[in-house]
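**Student:** Sharing a structure, written as structure tokens. Questions coming.
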Amino acid sequence: MSIDKKIVDDLVANDVSFITTVPCKQLAGVIDEVDARPEIFHIPSNKEDEGMGLCAGAWMGGKRPAIIMQNTAIGVTINTLATLTQYYRMPLPMLISYRGELREPVACQVEMAVHTKALLNQMNIPTYHFHKESDADELDAILKYTFMCNKPVAILTDASFWGGYGDQ
Amino acid sequence: MIRSEILREIAPILHDQLVVCNIGLPSQELHMIDDNAKNFYMLGTMGLSSSIGFGLALAQDKIVISIDGDGSVLTNLGTLPTIANNVADNYILMIIDNGSYGSTGDQPTYAGKKTKLENVAAACGCESVVTVQDVDAGKALQAAIDSKKMTIIVVKCESGNIKLPVITMDPVVIRDRFMKAVAS
Ligand SMILES: [Mg+2]
């Protein structure tokens, strides 16, 4: 089974039915899979804080949400995470493409990569780092944990996890 | 009319609906005029009233009204294409456009200058965009509810604020009672 399909299977099995996405090359396959599933309402957003607003509303409407985005978005969403998601105590799994790690071809991506874990740590956001494909075996438990504790939870997925950048 | 007078006038219509209310004075005013479980007050996160309300409308069938401001919509302008392209006919976005950032001391916004939010919404693809003067806000809101069509209402009014206290309710209490009202 492809890793994209496995990830989305875990989301569906945990009743996640409202997913907002901001595109990323590494996450393209997951986003396609999310879009294809009838169990999931997929709503692309223009910016990640907007997406977190949509997810907050969807959760209050009875749906389990998730956001799929790049780690650069942590810089965009600190205020929203603190004053909306955390302040009102809402669950939000964040499946994050961890750009700027080993095998990264674009130097600028490293500039946010070096801040990513520090920012998440500063925000007291539970953070999991998928480096090898088998790390995704924990996704089911991470999703259950997220909706148990009503917190935003970060799942960082790096280039090695996705099998590198091909011939780039 | 200023925003608090509009809210006072439309409060009887809002009373029966799920309302997501913008940060700052709008929430404080609504809380003072008609605090009830169907109101979700934003205590922070400027700009996201439309997004929170829209997510809620997409997730369930009850009518949802987002009360937003011109300044806040400008902060989150990307919300309008998202709304336009994912039509939810149980959703109404009411933008109270007083041409200023009311909660921070009435600094002028670009909406009070050259930018017309009703034109922006239409250009983004929103199909039902209504522009009214303050005195007609209630009529336009009731018409939008009755139409069962997703509607963006831009209410033009004067800037100006009344003095009132901050909301001291705990955010988790606001959210919990709101979720119970949504589910009831
Ligand atoms: Mg204003």
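Chain labels follow the order of the structure tokens: the first chain is A, the next B, and so on; residue numbering restarts at 1 in every chain, and ligands are counted from 1 in their shown order.
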Name each residue within 10 Å of ligand 1, counting only C-alpha atoms and all ligand atoms, as a PyMOL selection string.
**Tutor:** chain B and resi 3+26+68-74+95-104+106-109+111-112+156-160
**Student:** Return as a PyMOL selection string the residues belonging to chain B that are within 7 Å of chain A, counting only C-alpha atoms.
**Tutor:** chain B and resi 44-45+48+51-56+58-60+78-79+82+171-172+175+179+182
**Student:** Convert the current residue selection to file output with N, CA, C and O atoms, as a tab-separated table (two decimals), in the first residue's frame.
**Tutor:**
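Output file selection_3.tsv is given in full below:
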chain	number	residue	atom	x	y	z
B	44	GLY	N	-9.68	36.59	20.51
B	44	GLY	CA	-8.41	36.89	19.84
B	44	GLY	C	-8.51	36.54	18.37
B	44	GLY	O	-9.61	36.35	17.85
B	45	THR	N	-7.36	36.45	17.71
B	45	THR	CA	-7.27	35.94	16.34
B	45	THR	C	-8.04	36.80	15.34
B	45	THR	O	-8.95	36.35	14.64
B	48	LEU	N	-10.43	35.94	11.64
B	48	LEU	CA	-10.91	34.58	11.38
B	48	LEU	C	-12.40	34.37	11.64
B	48	LEU	O	-12.88	33.24	11.56
B	51	SER	N	-13.89	32.68	8.66
B	51	SER	CA	-13.40	31.30	8.46
B	51	SER	C	-14.01	30.35	9.47
B	51	SER	O	-14.43	29.24	9.13
B	52	ILE	N	-14.08	30.77	10.73
B	52	ILE	CA	-14.67	29.91	11.77
B	52	ILE	C	-16.14	29.67	11.45
B	52	ILE	O	-16.63	28.54	11.49
B	53	GLY	N	-16.86	30.72	11.14
B	53	GLY	CA	-18.28	30.59	10.83
B	53	GLY	C	-18.50	29.73	9.60
B	53	GLY	O	-19.43	28.91	9.55
B	54	PHE	N	-17.63	29.89	8.61
B	54	PHE	CA	-17.80	29.13	7.36
B	54	PHE	C	-17.50	27.65	7.61
B	54	PHE	O	-18.23	26.78	7.11
B	55	GLY	N	-16.48	27.34	8.36
B	55	GLY	CA	-16.20	25.94	8.71
B	55	GLY	C	-17.37	25.31	9.44
B	55	GLY	O	-17.74	24.16	9.18
B	56	LEU	N	-17.96	26.08	10.32
B	56	LEU	CA	-19.13	25.60	11.07
B	56	LEU	C	-20.31	25.35	10.13
B	56	LEU	O	-21.01	24.33	10.26
B	58	LEU	N	-20.21	24.61	6.99
B	58	LEU	CA	-19.94	23.45	6.13
B	58	LEU	C	-20.10	22.13	6.89
B	58	LEU	O	-20.36	21.09	6.29
B	59	ALA	N	-19.95	22.19	8.22
B	59	ALA	CA	-19.92	20.95	9.00
B	59	ALA	C	-21.31	20.51	9.48
B	59	ALA	O	-21.46	19.38	9.94
B	60	GLN	N	-22.29	21.39	9.42
B	60	GLN	CA	-23.64	21.03	9.90
B	60	GLN	C	-24.66	21.90	9.15
B	60	GLN	O	-24.30	22.77	8.37
B	78	GLY	N	-8.07	36.37	1.95
B	78	GLY	CA	-8.11	35.05	1.30
B	78	GLY	C	-9.36	34.27	1.63
B	78	GLY	O	-9.67	33.28	0.96
B	79	THR	N	-10.10	34.68	2.62
B	79	THR	CA	-11.33	33.98	3.01
B	79	THR	C	-12.39	34.07	1.91
B	79	THR	O	-13.18	33.14	1.74
B	82	THR	N	-12.25	31.39	-0.81
B	82	THR	CA	-12.58	30.09	-0.23
B	82	THR	C	-14.09	29.96	-0.05
B	82	THR	O	-14.69	28.92	-0.38
B	171	PRO	N	-12.70	31.11	27.69
B	171	PRO	CA	-12.91	30.68	26.30
B	171	PRO	C	-13.46	29.26	26.19
B	171	PRO	O	-14.27	28.99	25.30
B	172	VAL	N	-13.04	28.37	27.06
B	172	VAL	CA	-13.52	26.99	26.97
B	172	VAL	C	-15.01	26.92	27.35
B	172	VAL	O	-15.77	26.11	26.79
B	175	ARG	N	-16.89	28.21	24.29
B	175	ARG	CA	-16.84	27.19	23.23
B	175	ARG	C	-17.73	25.99	23.58
B	175	ARG	O	-18.48	25.50	22.73
B	179	MET	N	-20.97	24.79	21.51
B	179	MET	CA	-21.06	23.48	20.87
B	179	MET	C	-22.32	22.74	21.27
B	179	MET	O	-22.91	22.02	20.47
B	182	VAL	N	-25.02	24.24	19.23
B	182	VAL	CA	-24.92	23.76	17.85
B	182	VAL	C	-25.54	22.37	17.75
B	182	VAL	O	-26.28	22.06	16.81
**Student:** Could you tell me, as a list in words, which residues of stretch 48-104 of chain B DSSP assigns to helix (DSSP H, G or I) when given the backbone?
**Tutor:** Ser49, Ser50, Ser51, Ile52, Gly53, Phe54, Gly55, Leu56, Ala57, Leu58, Ala59, Asp70, Gly71, Ser72, Val73, Leu74, Thr75, Thr79, Leu80, Pro81, Thr82, Ile83, Ala84, Gly102, Ser103 and Thr104 of chain B
**Student:** Tell me which protein, DNA and RNA residues are within 9 Å of A:Tyr128, counting only C-alpha atoms, leaving out same-chain ones fewer than 6 positions away, and put them as a list in words.
**Tutor:**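 The residues that qualify are Ile142, Val153, Ala154, Ile155, Leu156 and Thr157 of chain A.
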**Student:** Extract the full set of strand (DSSP E or B) residues from stretch 1-158 of chain B according to DSSP on the backbone, and format it as a PyMOL selection string.
**Tutor:** chain B and resi 2+18-21+39-41+64-69+91-97+100-101+107-108+129-133+151-156+158
**Student:** At a cut-off of 10 Å, using only C-alpha atoms, what residues contact A:Asp137? Leave out same-chain residues fewer than 6 positions from it and give the result as a PDB file with C-alpha atoms, in the first residue's frame.
**Tutor:**
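The resulting around-v7.pdb:
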ATOM      1  CA  LYS A   6      -1.979   4.516   4.441  1.00  0.00           C
ATOM      2  CA  ILE A   7      -1.956   8.033   5.920  1.00  0.00           C
ATOM      3  CA  ASP A  10      -5.647   6.304   9.238  1.00  0.00           C
ATOM      4  CA  PHE A 130       8.408  10.889  10.758  1.00  0.00           C
TER       5      PHE A 130
END
**Student:** With distances taken over only C-alpha atoms, which residue among A:Asp158, A:Phe147, A:Asp135, A:Arg103 lies nearest A:Asn71?
**Tutor:**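 Residue with the minimum atom-to-atom distance to A:Asn71: A:Asp158.
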